[in-house]
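data_19.txt (compact mmCIF, C-alpha atoms)
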# COMPACT_ATOMS: atom_id res chain seq x y z
CA MET T 1 -17.46 -6.93 31.59
CA VAL T 2 -18.15 -8.40 28.14
CA LEU T 3 -16.86 -5.34 26.29
CA ALA T 4 -13.57 -5.42 28.21
CA ALA T 5 -13.24 -9.19 27.69
CA VAL T 6 -13.78 -8.89 23.93
CA SER T 7 -11.28 -6.02 23.61
CA ASP T 8 -8.73 -7.89 25.71
CA GLY T 9 -9.22 -11.07 23.67
CA ILE T 10 -8.58 -9.22 20.41
CA ARG T 11 -5.51 -7.53 21.92
CA ARG T 12 -4.23 -11.04 22.74
CA ILE T 13 -4.79 -12.12 19.11
CA LEU T 14 -2.82 -9.10 17.92
CA TRP T 15 0.01 -9.59 20.41
CA ASN T 16 0.39 -13.31 19.64
CA SER T 17 0.78 -12.42 15.98
CA PHE T 18 3.23 -9.57 16.67
CA ALA T 19 5.28 -11.72 19.07
CA ALA T 20 5.64 -14.48 16.45
CA ASP T 21 6.99 -12.06 13.82
CA PRO T 22 10.71 -11.26 14.29
CA THR T 23 10.34 -8.05 12.27
CA VAL T 24 7.27 -6.64 14.04
CA ARG T 25 7.95 -7.78 17.61
CA PRO T 26 10.77 -5.25 18.22
CA LEU T 27 8.58 -2.47 16.76
CA VAL T 28 5.71 -3.13 19.19
CA GLY T 29 7.73 -4.34 22.17
CA THR T 30 5.13 -5.65 24.62
CA GLU T 31 1.45 -6.52 24.78
CA GLU T 32 0.93 -3.42 26.95
CA ALA T 33 1.96 -1.27 23.95
CA ILE T 34 -1.39 -2.23 22.35
CA VAL T 35 -3.75 0.21 24.07
CA PHE T 36 -7.49 0.89 24.02
CA LEU T 37 -7.01 4.66 24.06
CA ASN T 38 -8.11 6.90 21.24
CA PRO T 39 -5.30 7.88 18.85
CA THR T 40 -4.87 11.34 20.40
CA GLN T 41 -4.22 9.87 23.83
CA THR T 42 -2.08 7.07 22.37
CA ALA T 43 0.26 9.55 20.65
CA GLN T 44 1.02 11.26 23.97
CA ASN T 45 3.05 8.27 25.20
CA SER T 46 5.87 7.09 22.94
CA SER T 47 5.79 3.57 24.42
CA ASN T 48 2.33 3.02 22.91
CA ARG T 49 2.59 1.41 19.48
CA VAL T 50 -0.96 0.39 18.51
CA SER T 51 -4.25 2.08 19.28
CA PHE T 52 -7.20 -0.34 19.18
CA TRP T 53 -9.93 2.14 20.05
CA LEU T 54 -13.57 1.16 20.49
CA TYR T 55 -15.21 4.21 18.92
CA LEU T 56 -18.78 3.01 18.33
CA ILE T 57 -21.19 0.50 19.87
CA ALA T 58 -24.42 -0.32 18.01
CA GLU T 59 -27.26 -2.71 18.68
CA ASN T 60 -27.33 -5.62 16.23
CA GLU T 61 -30.65 -5.22 14.43
CA PHE T 62 -30.78 -8.84 13.25
CA ILE T 63 -30.80 -10.37 16.73
CA LYS T 64 -32.75 -7.58 18.41
CA ASN T 65 -36.09 -9.41 18.59
CA ALA T 66 -34.88 -12.77 19.87
CA PRO T 67 -37.40 -14.57 22.09
CA PRO T 68 -36.85 -15.01 25.84
CA GLN T 69 -34.92 -18.10 26.91
CA ARG T 70 -36.29 -20.60 29.42
CA VAL T 71 -33.77 -20.90 32.25
CA ALA T 72 -35.81 -22.99 34.69
CA GLY T 73 -39.20 -24.72 34.82
CA ASP T 74 -41.36 -21.59 34.93
CA THR T 75 -38.75 -18.84 34.52
CA GLU T 76 -37.72 -17.11 31.31
CA GLN T 77 -34.80 -14.73 30.94
CA PHE T 78 -35.04 -11.78 28.61
CA PRO T 79 -32.77 -12.14 25.57
CA PRO T 80 -29.27 -10.67 25.76
CA LEU T 81 -28.49 -7.28 24.31
CA ALA T 82 -26.71 -8.06 21.02
CA LEU T 83 -24.04 -5.51 20.11
CA ASP T 84 -21.77 -4.77 17.20
CA LEU T 85 -18.47 -3.16 18.19
CA TYR T 86 -16.53 -0.82 15.91
CA TYR T 87 -12.81 -0.33 16.45
CA LEU T 88 -10.29 2.01 14.89
CA LEU T 89 -6.88 0.34 14.56
CA THR T 90 -4.01 2.83 14.27
CA PRO T 91 -0.28 1.98 14.31
CA PHE T 92 2.19 4.30 16.06
CA GLY T 93 5.54 2.96 14.90
CA PRO T 94 8.80 4.91 15.00
CA SER T 95 8.56 5.48 11.21
CA ALA T 96 6.08 5.36 8.34
CA GLU T 97 7.61 2.04 7.22
CA ALA T 98 7.15 0.63 10.74
CA ASP T 99 3.49 1.73 10.64
CA LEU T 100 3.02 -0.27 7.45
CA LEU T 101 4.66 -3.37 8.95
CA ILE T 102 2.60 -3.17 12.15
CA LEU T 103 -0.66 -2.50 10.33
CA GLY T 104 -0.03 -5.26 7.78
CA ARG T 105 0.66 -7.82 10.49
CA ALA T 106 -2.37 -6.67 12.52
CA MET T 107 -4.65 -6.97 9.49
CA GLN T 108 -3.28 -10.44 8.72
CA ALA T 109 -3.86 -11.56 12.33
CA LEU T 110 -7.44 -10.30 12.40
CA TYR T 111 -8.16 -11.77 8.96
CA ASP T 112 -6.84 -15.15 10.10
CA SER T 113 -9.01 -14.87 13.23
CA ALA T 114 -12.15 -13.62 11.45
CA ARG T 115 -14.21 -16.33 13.15
CA THR T 116 -13.07 -16.86 16.68
CA THR T 117 -14.44 -18.08 19.97
CA LEU T 118 -13.51 -15.93 22.92
CA ILE T 119 -13.43 -17.69 26.27
CA ASN T 120 -12.61 -15.59 29.31
CA GLN T 121 -13.10 -17.64 32.46
CA GLN T 122 -12.41 -14.73 34.80
CA ALA T 123 -15.19 -12.63 33.27
CA VAL T 124 -17.39 -15.71 32.64
CA VAL T 125 -17.60 -14.89 28.93
CA ALA T 126 -17.84 -17.27 25.98
CA GLU T 127 -18.54 -15.52 22.68
CA ASP T 128 -18.46 -16.59 19.04
CA LEU T 129 -17.16 -13.49 17.32
CA SER T 130 -16.92 -12.36 13.74
CA ILE T 131 -14.08 -9.87 13.20
CA ASN T 132 -14.41 -8.06 9.88
CA LEU T 133 -12.51 -5.29 8.15
CA PHE T 134 -15.13 -2.54 8.00
CA ARG T 135 -14.74 -0.45 4.90
CA ARG T 136 -15.01 3.26 5.47
CA THR T 137 -14.56 5.87 2.79
CA LEU T 138 -11.74 8.35 3.22
CA ASP T 139 -14.39 10.97 3.98
CA GLU T 140 -15.89 8.85 6.78
CA LEU T 141 -12.46 8.17 8.28
CA SER T 142 -11.58 11.84 8.00
CA ARG T 143 -14.67 12.71 10.04
CA VAL T 144 -13.52 10.37 12.82
CA TRP T 145 -10.13 12.08 12.84
CA GLU T 146 -11.76 15.50 12.68
CA ALA T 147 -13.80 14.63 15.79
CA LEU T 148 -10.49 13.79 17.50
CA GLN T 149 -9.13 17.16 16.30
CA GLU T 150 -6.11 15.38 14.88
CA PRO T 151 -4.68 15.21 11.36
CA TYR T 152 -5.53 12.02 9.50
CA ARG T 153 -3.25 9.08 10.21
CA LEU T 154 -3.08 5.66 8.55
CA SER T 155 -5.77 3.52 10.18
CA VAL T 156 -8.43 0.90 9.48
CA CYS T 157 -11.81 0.10 11.01
CA TYR T 158 -13.00 -3.27 12.26
CA GLN T 159 -16.47 -4.49 13.09
CA VAL T 160 -16.79 -7.18 15.74
CA ARG T 161 -20.14 -8.91 15.92
CA VAL T 162 -22.03 -10.21 17.82
CA THR T 163 -21.25 -9.49 21.44
CA ARG T 164 -24.00 -10.37 23.86
CA VAL T 165 -24.64 -8.63 27.15
CA ASP T 166 -26.83 -10.89 29.29
CA SER T 167 -30.04 -9.42 30.64
CA THR T 168 -30.71 -9.63 34.35
CA LEU T 169 -34.49 -9.51 33.83
CA THR T 170 -36.51 -12.67 34.28
CA THR T 171 -40.21 -13.36 34.24
CA THR T 172 -42.34 -16.19 35.54
CA VAL T 173 -44.47 -17.92 32.94
CA HIS T 174 -47.47 -20.09 33.64
CA PRO T 175 -48.69 -22.92 31.45
CA VAL T 176 -51.97 -22.48 29.60
CA LEU T 177 -54.54 -24.59 31.45
CA GLU T 178 -57.68 -23.71 29.50
CA MET T 179 -58.24 -22.11 26.16
CA THR T 180 -61.44 -21.12 24.42
CA ALA T 181 -61.85 -19.67 21.01
CA ASP T 182 -64.88 -17.77 19.79
CA TYR T 183 -64.92 -17.48 16.02
CA SER T 184 -68.58 -16.48 15.69
CA GLN T 185 -67.91 -12.74 15.89
CA GLY T 186 -65.23 -12.94 13.20
CA LEU T 187 -67.51 -14.96 10.92
CA ALA T 188 -70.36 -12.47 11.39
CA LEU T 189 -68.09 -9.61 10.39
CA ALA T 190 -67.12 -11.53 7.27
CA GLY T 191 -70.79 -11.90 6.32
CA VAL T 192 -70.99 -15.64 7.02
CA PRO T 193 -74.32 -16.60 8.69

As structure tokens, how would this structure be written, given the file I've shared?
Amino acid sequence: MVLAAVSDGIRRILWNSFAADPTVRPLVGTEEAIVFLNPTQTAQNSSNRVSFWLYLIAENEFIKNAPPQRVAGDTEQFPPLALDLYYLLTPFGPSAEADLLILGRAMQALYDSARTTLINQQAVVAEDLSINLFRRTLDELSRVWEALQEPYRLSVCYQVRVTRVDSTLTTTVHPVLEMTADYSQGLALAGVP
């Protein structure tokens, strides 16, 4: 649910920017022309103008070990799964010049929305997202296109972090009622009488 909400929210950012630009709007046409299909599938339908393909999902290593969160008096919920999402943005305009216009406007829209809060009430999602141009070398991009078995096409990668998928696991915690500490064994090992 969260992955779909994030992708849909970014598509909305892109469409709002395209719709406001009198040069790009006729090239893209409608919000539905921005698809989540991989570029190979996108090229099969001429009404598709932008492929915004989620090609990699990775666990965010910086938030991985977050502590559980107390949700009620004696109940803790396991921390959410923190994910980084990697998208390949590829324009499919009617010409090479149109591709440049679409891609330029898309990059401007995502740059202007680099820090955004996504609120999707239907999916019950509220996320603070960071949308960053993710530099890939030509060799790395070529490998993505090779995996698609397609010739290279003008495209850019974006990293969206951090998306959280809530855990459904909870545990009951009990308060510490009595605690004893025995330091004598540790002192004996240290050679202290």

task: Taking the point (-14.4, 1.9, 9.2) as given in the file, collect each protein or nucleic acid residue that comes within 12 Å of it, counting all atoms listed in the file, and present the set as a ChimeraX atom specification.
output: /T:53-56,85-90,132-145,154-160

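Near (-32.6, -12.6, 25.2), the residues that fall inside 8 Å on the basis of all atoms listed in the file are Ala66, Pro67, Pro68, Gln69, Gln77, Phe78, Pro79, Pro80, Leu81, Asp166 and Ser167 of chain T.
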
- prompt: Which residues come within 9 Å of Ile10 (chain T), counting only C-alpha atoms, excluding same-chain residues fewer than 5 positions away, as a list in words?
  reply: Ala5, Trp15, Leu110 and Leu118 of chain T

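In this model, the gap between CA of Met1 (chain T) and CA of Ser130 (chain T) comes to 18.7 Å.
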
- prompt: Residues at most 12 Å from Phe92 (chain T), counting all atoms listed in the file, excluding those fewer than 5 positions away in the same chain, as a PyMOL selection string?
  reply: chain T and resi 27-29+33-35+38-52+97-103+153-155
